[in-house]
$ cat coords_11.csv   # CSV, C-alpha atoms
chain,number,residue,atom,x,y,z
A,1,MET,CA,2.6,-90.0,-168.2
A,2,PHE,CA,0.7,-86.8,-169.1
A,3,LYS,CA,-1.8,-88.6,-171.2
A,4,GLN,CA,-2.8,-90.8,-168.3
A,5,TRP,CA,-3.5,-87.7,-166.2
A,6,LEU,CA,-5.6,-86.2,-168.9
A,7,LEU,CA,-7.6,-89.4,-169.5
A,8,ALA,CA,-8.2,-89.7,-165.8
A,9,LEU,CA,-9.1,-86.1,-165.0
A,10,CYS,CA,-10.5,-84.5,-168.2
A,11,VAL,CA,-13.9,-85.0,-169.6
A,12,SER,CA,-13.7,-87.2,-172.7
A,13,GLY,CA,-16.3,-88.3,-175.2
A,14,PHE,CA,-16.1,-85.2,-177.5
A,15,ALA,CA,-13.6,-84.4,-180.2
A,16,LEU,CA,-12.8,-81.3,-178.1
A,17,SER,CA,-12.8,-81.7,-174.4
A,18,ALA,CA,-12.0,-79.2,-171.6
A,19,CYS,CA,-11.2,-79.5,-168.0
A,20,ALA,CA,-10.5,-76.9,-165.3
A,21,ALA,CA,-7.0,-76.6,-163.9
A,22,PRO,CA,-6.9,-77.2,-160.1
A,23,ASP,CA,-7.2,-74.2,-157.8
A,24,GLY,CA,-3.9,-75.1,-156.2
A,25,THR,CA,-1.4,-72.5,-155.0
A,26,ALA,CA,0.8,-72.7,-158.1
A,27,ALA,CA,-2.2,-72.0,-160.4
A,28,GLY,CA,-3.7,-69.4,-158.1
A,29,GLN,CA,-0.6,-67.2,-157.5
A,30,GLN,CA,-1.1,-65.1,-160.6
A,31,SER,CA,-0.1,-61.9,-158.8
A,32,THR,CA,3.5,-63.2,-158.6
A,33,ALA,CA,3.6,-64.5,-162.2
A,34,THR,CA,5.7,-62.7,-164.8
A,35,GLY,CA,3.0,-62.9,-167.4
A,36,ALA,CA,0.5,-65.3,-169.1
A,37,GLU,CA,3.2,-67.8,-170.1
A,38,SER,CA,4.4,-68.1,-166.5
A,39,THR,CA,0.8,-68.5,-165.3
A,40,VAL,CA,0.3,-71.3,-167.9
A,41,ARG,CA,3.5,-73.1,-166.8
A,42,LYS,CA,2.5,-72.9,-163.1
A,43,ALA,CA,-1.0,-74.2,-163.9
A,44,VAL,CA,0.4,-77.2,-165.9
A,45,MET,CA,2.9,-78.1,-163.2
A,46,SER,CA,0.1,-77.9,-160.6
A,47,PHE,CA,-2.0,-80.2,-162.7
A,48,ALA,CA,0.8,-82.7,-163.4
A,49,PRO,CA,3.9,-82.0,-161.4
A,50,LYS,CA,6.1,-84.7,-162.9
A,51,VAL,CA,5.8,-83.7,-166.6
A,52,THR,CA,8.5,-82.0,-168.5
A,53,ILE,CA,7.4,-78.9,-170.3
A,54,ASP,CA,9.1,-78.7,-173.7
A,55,SER,CA,7.3,-75.8,-175.4
A,56,VAL,CA,4.9,-73.0,-174.4
A,57,LYS,CA,3.8,-70.5,-177.0
A,58,PRO,CA,0.6,-68.5,-177.9
A,59,ALA,CA,-2.0,-70.7,-179.5
A,60,PRO,CA,-3.2,-69.8,-183.1
A,61,PHE,CA,-6.5,-68.7,-181.5
A,62,PRO,CA,-7.1,-66.1,-178.9
A,63,GLY,CA,-7.0,-66.7,-175.1
A,64,PHE,CA,-4.9,-69.8,-175.0
A,65,TYR,CA,-1.3,-71.0,-175.0
A,66,GLU,CA,-0.2,-74.2,-176.8
A,67,VAL,CA,1.8,-76.5,-174.5
A,68,ILE,CA,3.9,-79.5,-175.4
A,69,ALA,CA,4.8,-81.6,-172.4
A,70,SER,CA,6.0,-85.2,-172.0
A,71,GLY,CA,4.9,-86.2,-175.5
A,72,GLN,CA,1.4,-84.5,-175.3
A,73,LEU,CA,0.0,-81.4,-176.8
A,74,VAL,CA,-2.7,-79.4,-175.0
A,75,PHE,CA,-4.0,-75.8,-174.9
A,76,VAL,CA,-4.2,-73.9,-171.7
A,77,SER,CA,-6.1,-70.6,-171.1
A,78,ASN,CA,-4.0,-67.5,-170.5
A,79,ASP,CA,-5.3,-67.3,-166.9
A,80,GLY,CA,-4.3,-70.9,-166.2
A,81,LYS,CA,-7.9,-72.0,-165.4
A,82,TYR,CA,-8.8,-74.2,-168.4
A,83,MET,CA,-7.1,-76.9,-170.5
A,84,LEU,CA,-8.3,-78.2,-173.9
A,85,ASN,CA,-7.3,-81.8,-174.8
A,86,GLY,CA,-8.3,-83.0,-178.2
A,87,ASP,CA,-8.7,-81.8,-181.8
A,88,VAL,CA,-9.2,-78.1,-182.3
A,89,ILE,CA,-10.7,-77.3,-185.7
A,90,ASP,CA,-10.1,-74.2,-187.7
A,91,LEU,CA,-13.5,-73.9,-189.2
A,92,ALA,CA,-12.6,-71.2,-191.7
A,93,ASN,CA,-9.8,-73.3,-193.3
A,94,GLN,CA,-11.4,-76.7,-192.5
A,95,ARG,CA,-8.3,-78.2,-190.9
A,96,ASN,CA,-7.0,-79.3,-187.6
A,97,ILE,CA,-4.8,-76.9,-185.7
A,98,ASP,CA,-1.6,-78.9,-185.2
A,99,GLY,CA,1.2,-77.3,-183.2
A,100,TRP,CA,3.5,-80.3,-183.4
A,101,ALA,CA,5.1,-79.7,-186.8
A,102,ASP,CA,7.4,-76.8,-185.9
A,103,PHE,CA,8.4,-78.5,-182.7
A,104,ARG,CA,9.2,-81.8,-184.3
A,105,LYS,CA,11.1,-80.1,-187.2
A,106,ALA,CA,13.3,-78.2,-184.7
A,107,GLU,CA,14.0,-81.2,-182.5
A,108,LEU,CA,14.8,-83.5,-185.5
A,109,ALA,CA,17.2,-80.9,-186.9
A,110,LYS,CA,19.3,-81.6,-183.8
A,111,VAL,CA,19.8,-85.2,-184.8
A,112,PRO,CA,23.1,-85.4,-186.8
A,113,ALA,CA,23.2,-87.5,-190.0
A,114,SER,CA,25.8,-89.7,-188.3
A,115,ASP,CA,23.2,-90.8,-185.8
A,116,ARG,CA,20.8,-91.9,-188.5
A,117,ILE,CA,20.8,-94.8,-191.0
A,118,VAL,CA,20.0,-93.2,-194.3
A,119,PHE,CA,18.9,-94.8,-197.6
A,120,SER,CA,18.7,-92.1,-200.2
A,121,PRO,CA,18.7,-91.6,-204.0
A,122,ALA,CA,21.4,-89.4,-205.4
A,123,LYS,CA,19.1,-86.4,-205.7
A,124,PRO,CA,16.1,-86.9,-203.4
A,125,ARG,CA,12.9,-84.9,-203.9
A,126,TYR,CA,11.8,-85.5,-200.4
A,127,ARG,CA,13.3,-86.6,-197.1
A,128,VAL,CA,11.4,-88.3,-194.3
A,129,THR,CA,12.4,-89.4,-190.8
A,130,VAL,CA,11.2,-92.8,-189.8
A,131,PHE,CA,11.2,-93.9,-186.2
A,132,THR,CA,11.7,-97.6,-186.6
A,133,ASP,CA,12.1,-100.9,-184.7
A,134,VAL,CA,14.1,-103.8,-186.3
A,135,ASN,CA,11.5,-106.4,-185.3
A,136,CYS,CA,8.1,-104.8,-186.0
A,137,ALA,CA,6.2,-106.3,-189.0
A,138,TYR,CA,5.3,-103.1,-190.7
A,139,CYS,CA,8.8,-101.7,-190.2
A,140,ARG,CA,10.2,-104.7,-192.0
A,141,GLN,CA,7.6,-104.4,-194.8
A,142,LEU,CA,8.6,-100.8,-195.3
A,143,HIS,CA,12.2,-101.7,-195.6
A,144,GLU,CA,11.5,-104.5,-198.0
A,145,HIS,CA,10.5,-101.7,-200.5
A,146,ILE,CA,13.4,-99.3,-199.7
A,147,ALA,CA,14.6,-99.3,-203.3
A,148,ASP,CA,11.1,-98.3,-204.5
A,149,TYR,CA,11.0,-95.4,-202.0
A,150,ASN,CA,14.4,-94.3,-203.3
A,151,LYS,CA,13.2,-94.7,-207.0
A,152,ALA,CA,10.3,-92.4,-206.1
A,153,GLY,CA,12.7,-89.8,-205.0
A,154,ILE,CA,12.2,-90.3,-201.3
A,155,ALA,CA,15.2,-90.5,-198.9
A,156,ILE,CA,14.4,-92.6,-195.8
A,157,GLU,CA,16.3,-91.5,-192.7
A,158,TYR,CA,15.9,-94.1,-189.9
A,159,VAL,CA,16.2,-93.3,-186.2
A,160,ALA,CA,15.9,-95.9,-183.5
A,161,TRP,CA,12.7,-96.5,-181.5
A,162,PRO,CA,12.7,-99.9,-179.9
A,163,ARG,CA,9.0,-100.6,-179.2
A,164,GLU,CA,9.8,-102.6,-176.1
A,165,GLY,CA,11.6,-99.6,-174.6
A,166,VAL,CA,15.1,-99.4,-173.3
A,167,THR,CA,14.6,-101.4,-170.1
A,168,ASP,CA,12.1,-103.9,-168.9
A,169,ALA,CA,10.3,-104.0,-165.6
A,170,ALA,CA,13.3,-105.6,-163.9
A,171,GLY,CA,15.6,-102.8,-165.2
A,172,ARG,CA,17.3,-105.0,-167.8
A,173,THR,CA,17.8,-103.7,-171.3
A,174,THR,CA,15.3,-105.2,-173.7
A,175,GLN,CA,16.2,-107.6,-176.5
A,176,THR,CA,15.1,-105.2,-179.2
A,177,TYR,CA,17.1,-102.3,-177.6
A,178,ASN,CA,20.2,-104.6,-177.5
A,179,GLU,CA,19.7,-105.6,-181.2
A,180,MET,CA,19.3,-102.0,-182.3
A,181,VAL,CA,22.5,-101.0,-180.3
A,182,SER,CA,24.3,-103.8,-182.1
A,183,VAL,CA,23.0,-102.5,-185.5
A,184,TRP,CA,24.1,-98.9,-184.7
A,185,CYS,CA,27.5,-100.2,-183.6
A,186,SER,CA,28.1,-102.3,-186.6
A,187,ALA,CA,31.0,-101.4,-189.0
A,188,ASP,CA,28.4,-101.5,-191.8
A,189,ARG,CA,25.2,-100.1,-190.3
A,190,LYS,CA,23.1,-100.3,-193.5
A,191,ALA,CA,24.0,-103.9,-194.1
A,192,ALA,CA,23.4,-104.8,-190.4
A,193,PHE,CA,20.1,-102.9,-190.4
A,194,THR,CA,18.9,-104.7,-193.6
A,195,ALA,CA,19.9,-108.1,-192.2
A,196,ALA,CA,18.1,-107.3,-188.9
A,197,LYS,CA,15.0,-106.4,-190.8
A,198,GLN,CA,15.2,-109.8,-192.5
A,199,GLY,CA,15.2,-111.5,-189.1
A,200,LYS,CA,19.0,-112.0,-188.9
A,201,ALA,CA,20.0,-110.8,-185.5
A,202,PRO,CA,23.3,-108.8,-185.6
A,203,LYS,CA,26.4,-109.9,-183.8
A,204,ALA,CA,26.1,-108.6,-180.2
A,205,THR,CA,28.3,-105.5,-179.7
A,206,ASN,CA,28.3,-102.2,-177.9
A,207,CYS,CA,29.7,-98.8,-178.4
A,208,PRO,CA,28.7,-95.1,-177.7
A,209,ASN,CA,25.4,-95.0,-179.6
A,210,PRO,CA,22.3,-92.8,-179.9
A,211,VAL,CA,19.6,-95.5,-179.5
A,212,LYS,CA,18.5,-94.5,-176.0
A,213,ASP,CA,18.5,-90.8,-176.9
A,214,GLU,CA,16.5,-91.4,-180.1
A,215,PHE,CA,14.0,-93.5,-178.2
A,216,GLU,CA,13.5,-90.7,-175.7
A,217,LEU,CA,13.3,-88.2,-178.5
A,218,GLY,CA,10.5,-90.2,-180.1
A,219,VAL,CA,8.5,-90.1,-176.8
A,220,LYS,CA,9.1,-86.4,-176.6
A,221,LEU,CA,7.7,-85.9,-180.1
A,222,GLY,CA,4.6,-88.0,-179.5
A,223,VAL,CA,5.7,-91.2,-181.2
A,224,ASN,CA,3.7,-94.1,-179.8
A,225,GLY,CA,4.3,-96.8,-182.4
A,226,THR,CA,6.5,-97.9,-185.3
A,227,PRO,CA,7.0,-97.1,-188.0
A,228,SER,CA,6.3,-93.4,-187.5
A,229,VAL,CA,7.0,-91.3,-190.6
A,230,ILE,CA,7.6,-87.6,-190.2
A,231,ALA,CA,8.0,-85.2,-193.2
A,232,GLU,CA,10.7,-82.5,-193.4
A,233,ASP,CA,8.3,-79.9,-192.2
A,234,GLY,CA,7.6,-81.9,-189.0
A,235,THR,CA,4.2,-83.2,-190.1
A,236,MET,CA,3.4,-86.7,-188.8
A,237,LEU,CA,2.5,-88.6,-192.0
A,238,GLY,CA,1.5,-91.8,-190.1
A,239,GLY,CA,2.6,-95.4,-190.1
A,240,TYR,CA,3.4,-97.7,-192.9
A,241,MET,CA,2.6,-96.5,-196.5
A,242,THR,CA,3.5,-98.0,-199.8
A,243,PRO,CA,6.0,-95.9,-201.9
A,244,SER,CA,3.1,-94.5,-204.0
A,245,GLN,CA,1.0,-93.6,-201.0
A,246,MET,CA,4.0,-91.9,-199.3
A,247,LEU,CA,4.8,-90.0,-202.5
A,248,GLN,CA,1.2,-88.9,-202.8
A,249,ARG,CA,1.2,-87.6,-199.2
A,250,LEU,CA,4.4,-85.8,-199.7
A,251,SER,CA,3.3,-84.2,-203.0
A,252,LYS,CA,0.2,-82.8,-201.4
A,253,GLY,CA,2.3,-81.1,-198.7
A,254,SER,CA,4.7,-79.5,-201.1

$ encode --input "coords_11.csv" --output "structure tokens"
Amino acid sequence: MFKQWLLALCVSGFALSACAAPDGTAAGQQSTATGAESTVRKAVMSFAPKVTIDSVKPAPFPGFYEVIASGQLVFVSNDGKYMLNGDVIDLANQRNIDGWADFRKAELAKVPASDRIVFSPAKPRYRVTVFTDVNCAYCRQLHEHIADYNKAGIAIEYVAWPREGVTDAAGRTTQTYNEMVSVWCSADRKAAFTAAKQGKAPKATNCPNPVKDEFELGVKLGVNGTPSVIAEDGTMLGGYMTPSQMLQRLSKGS
């Protein structure tokens, strides 16, 4: 994973850390590049050849590009020589520069409603996407209060993220993955989902389903635990929140 490369090779210990890109052929052949973006792409691939680059665009500060790759966000200098890994602070506006939001919003827009399990009031004020696992304690606690989120005007749109992953070390599908597939394949998804959250394993079944794709999407979007709550604008709100806490966070962002 990209993060492991960064932790191993970049200097840590500061909120903002920097490391030089290697002087390999890919990073050094700037004369054949078709511009700064190409140079940045070559530098990243030279640094971590196995990553998948999902987004490269100019950073909101001069001299750098913002790169999202394999669930990580970094900033790479236009000449491909330097990479920043960590928080970048906009001192004038006293906020973190977060390039994830637009990317998350665009990627989540591709997930059809039919692939989600949605609990919504008739006229929601807010919608959030929640990457969830049927067995995690805080996921279950969140769902216990689903009626209260809805009363607060918040629609909860669940997508699948089995924390154990899709397969284990032996290549077998994990128990949680199998349970979530059975939920998504149930005739009444919402009832099966609620029962699973209460510890009642669904009847084992299979069908064409989005669970694997949604797990991989979560990894791509930087999800590393459940529940992970994402606002409509792509902002990561965090993990479990009470209905009042979530409403407060959403109200501040509106």

$ residues_around --input "coords_11.csv" --residues "segment 202-205 of chain A" --least-positions-apart "5" --cutoff "8 Å" --atoms "only C-alpha atoms" --output "ChimeraX atom specification"
/A:178-179,181-183,185-186,192,195-196

$ atom_distance --input "coords_11.csv" --atom1 "atom CA of Pro227 of chain A" --atom2 "atom CA of Tyr240 of chain A"
6.1 Å

$ closest_residue --input "coords_11.csv" --among "A:Tyr82, A:Trp161, A:Tyr177, A:Phe119" --to "Gly225 of chain A" --atoms "only C-alpha atoms"
A:Trp161

$ residues_around --input "coords_11.csv" --residues "Thr242 of chain A" --least-positions-apart "5" --cutoff "12 Å" --atoms "all atoms listed in the file" --output "list of chain:residue names"
A:Tyr138, A:Cys139, A:Gln141, A:Leu142, A:His143, A:Glu144, A:His145, A:Ile146, A:Ala147, A:Asp148, A:Tyr149, A:Ala152, A:Ile154, A:Val229, A:Leu247, A:Gln248, A:Arg249

$ atom_distance --input "coords_11.csv" --atom1 "atom CA of Asp102 of chain A" --atom2 "atom CA of Asp233 of chain A"
7.1 Å

$ closest_residue --input "coords_11.csv" --among "A:Gly165, A:Pro60, A:Gly153, A:Gly35" --to "Asp213 of chain A" --atoms "only C-alpha atoms"
A:Gly165

$ closest_residue --input "coords_11.csv" --among "A:Ala113, A:Val130, A:Val118, A:Ala137" --to "Gly238 of chain A" --atoms "only C-alpha atoms"
A:Val130

$ residues_near_point --input "coords_11.csv" --point "(4.0, -85.4, -170.8)" --cutoff "9 Å" --atoms "only C-alpha atoms" --output "list in words"
Met1, Phe2, Lys3, Ala48, Lys50, Val51, Thr52, Ile53, Asp54, Ile68, Ala69, Ser70, Gly71, Gln72, Leu73, Val219 and Lys220 of chain A

$ decode --input "coords_11.csv" --residues "segment 160-176 of chain A" --atoms "C-alpha atoms" --output "mmCIF file, in the first residue's frame"
data_model
loop_
_atom_site.group_PDB
_atom_site.id
_atom_site.type_symbol
_atom_site.label_atom_id
_atom_site.label_comp_id
_atom_site.auth_asym_id
_atom_site.auth_seq_id
_atom_site.Cartn_x
_atom_site.Cartn_y
_atom_site.Cartn_z
ATOM 1 C CA ALA A 160 -20.855 -2.117 2.293
ATOM 2 C CA TRP A 161 -17.392 -2.179 3.827
ATOM 3 C CA PRO A 162 -16.615 -5.520 5.518
ATOM 4 C CA ARG A 163 -13.725 -4.705 7.859
ATOM 5 C CA GLU A 164 -12.247 -8.187 7.505
ATOM 6 C CA GLY A 165 -11.920 -7.575 3.782
ATOM 7 C CA VAL A 166 -13.269 -9.679 0.952
ATOM 8 C CA THR A 167 -10.893 -12.631 1.321
ATOM 9 C CA ASP A 168 -8.629 -13.957 4.071
ATOM 10 C CA ALA A 169 -4.968 -14.968 3.851
ATOM 11 C CA ALA A 170 -5.970 -18.335 2.413
ATOM 12 C CA GLY A 171 -8.020 -16.709 -0.331
ATOM 13 C CA ARG A 172 -11.398 -17.672 1.154
ATOM 14 C CA THR A 173 -14.154 -15.101 1.398
ATOM 15 C CA THR A 174 -14.466 -13.761 4.948
ATOM 16 C CA GLN A 175 -17.421 -14.415 7.210
ATOM 17 C CA THR A 176 -18.374 -10.735 7.334
#
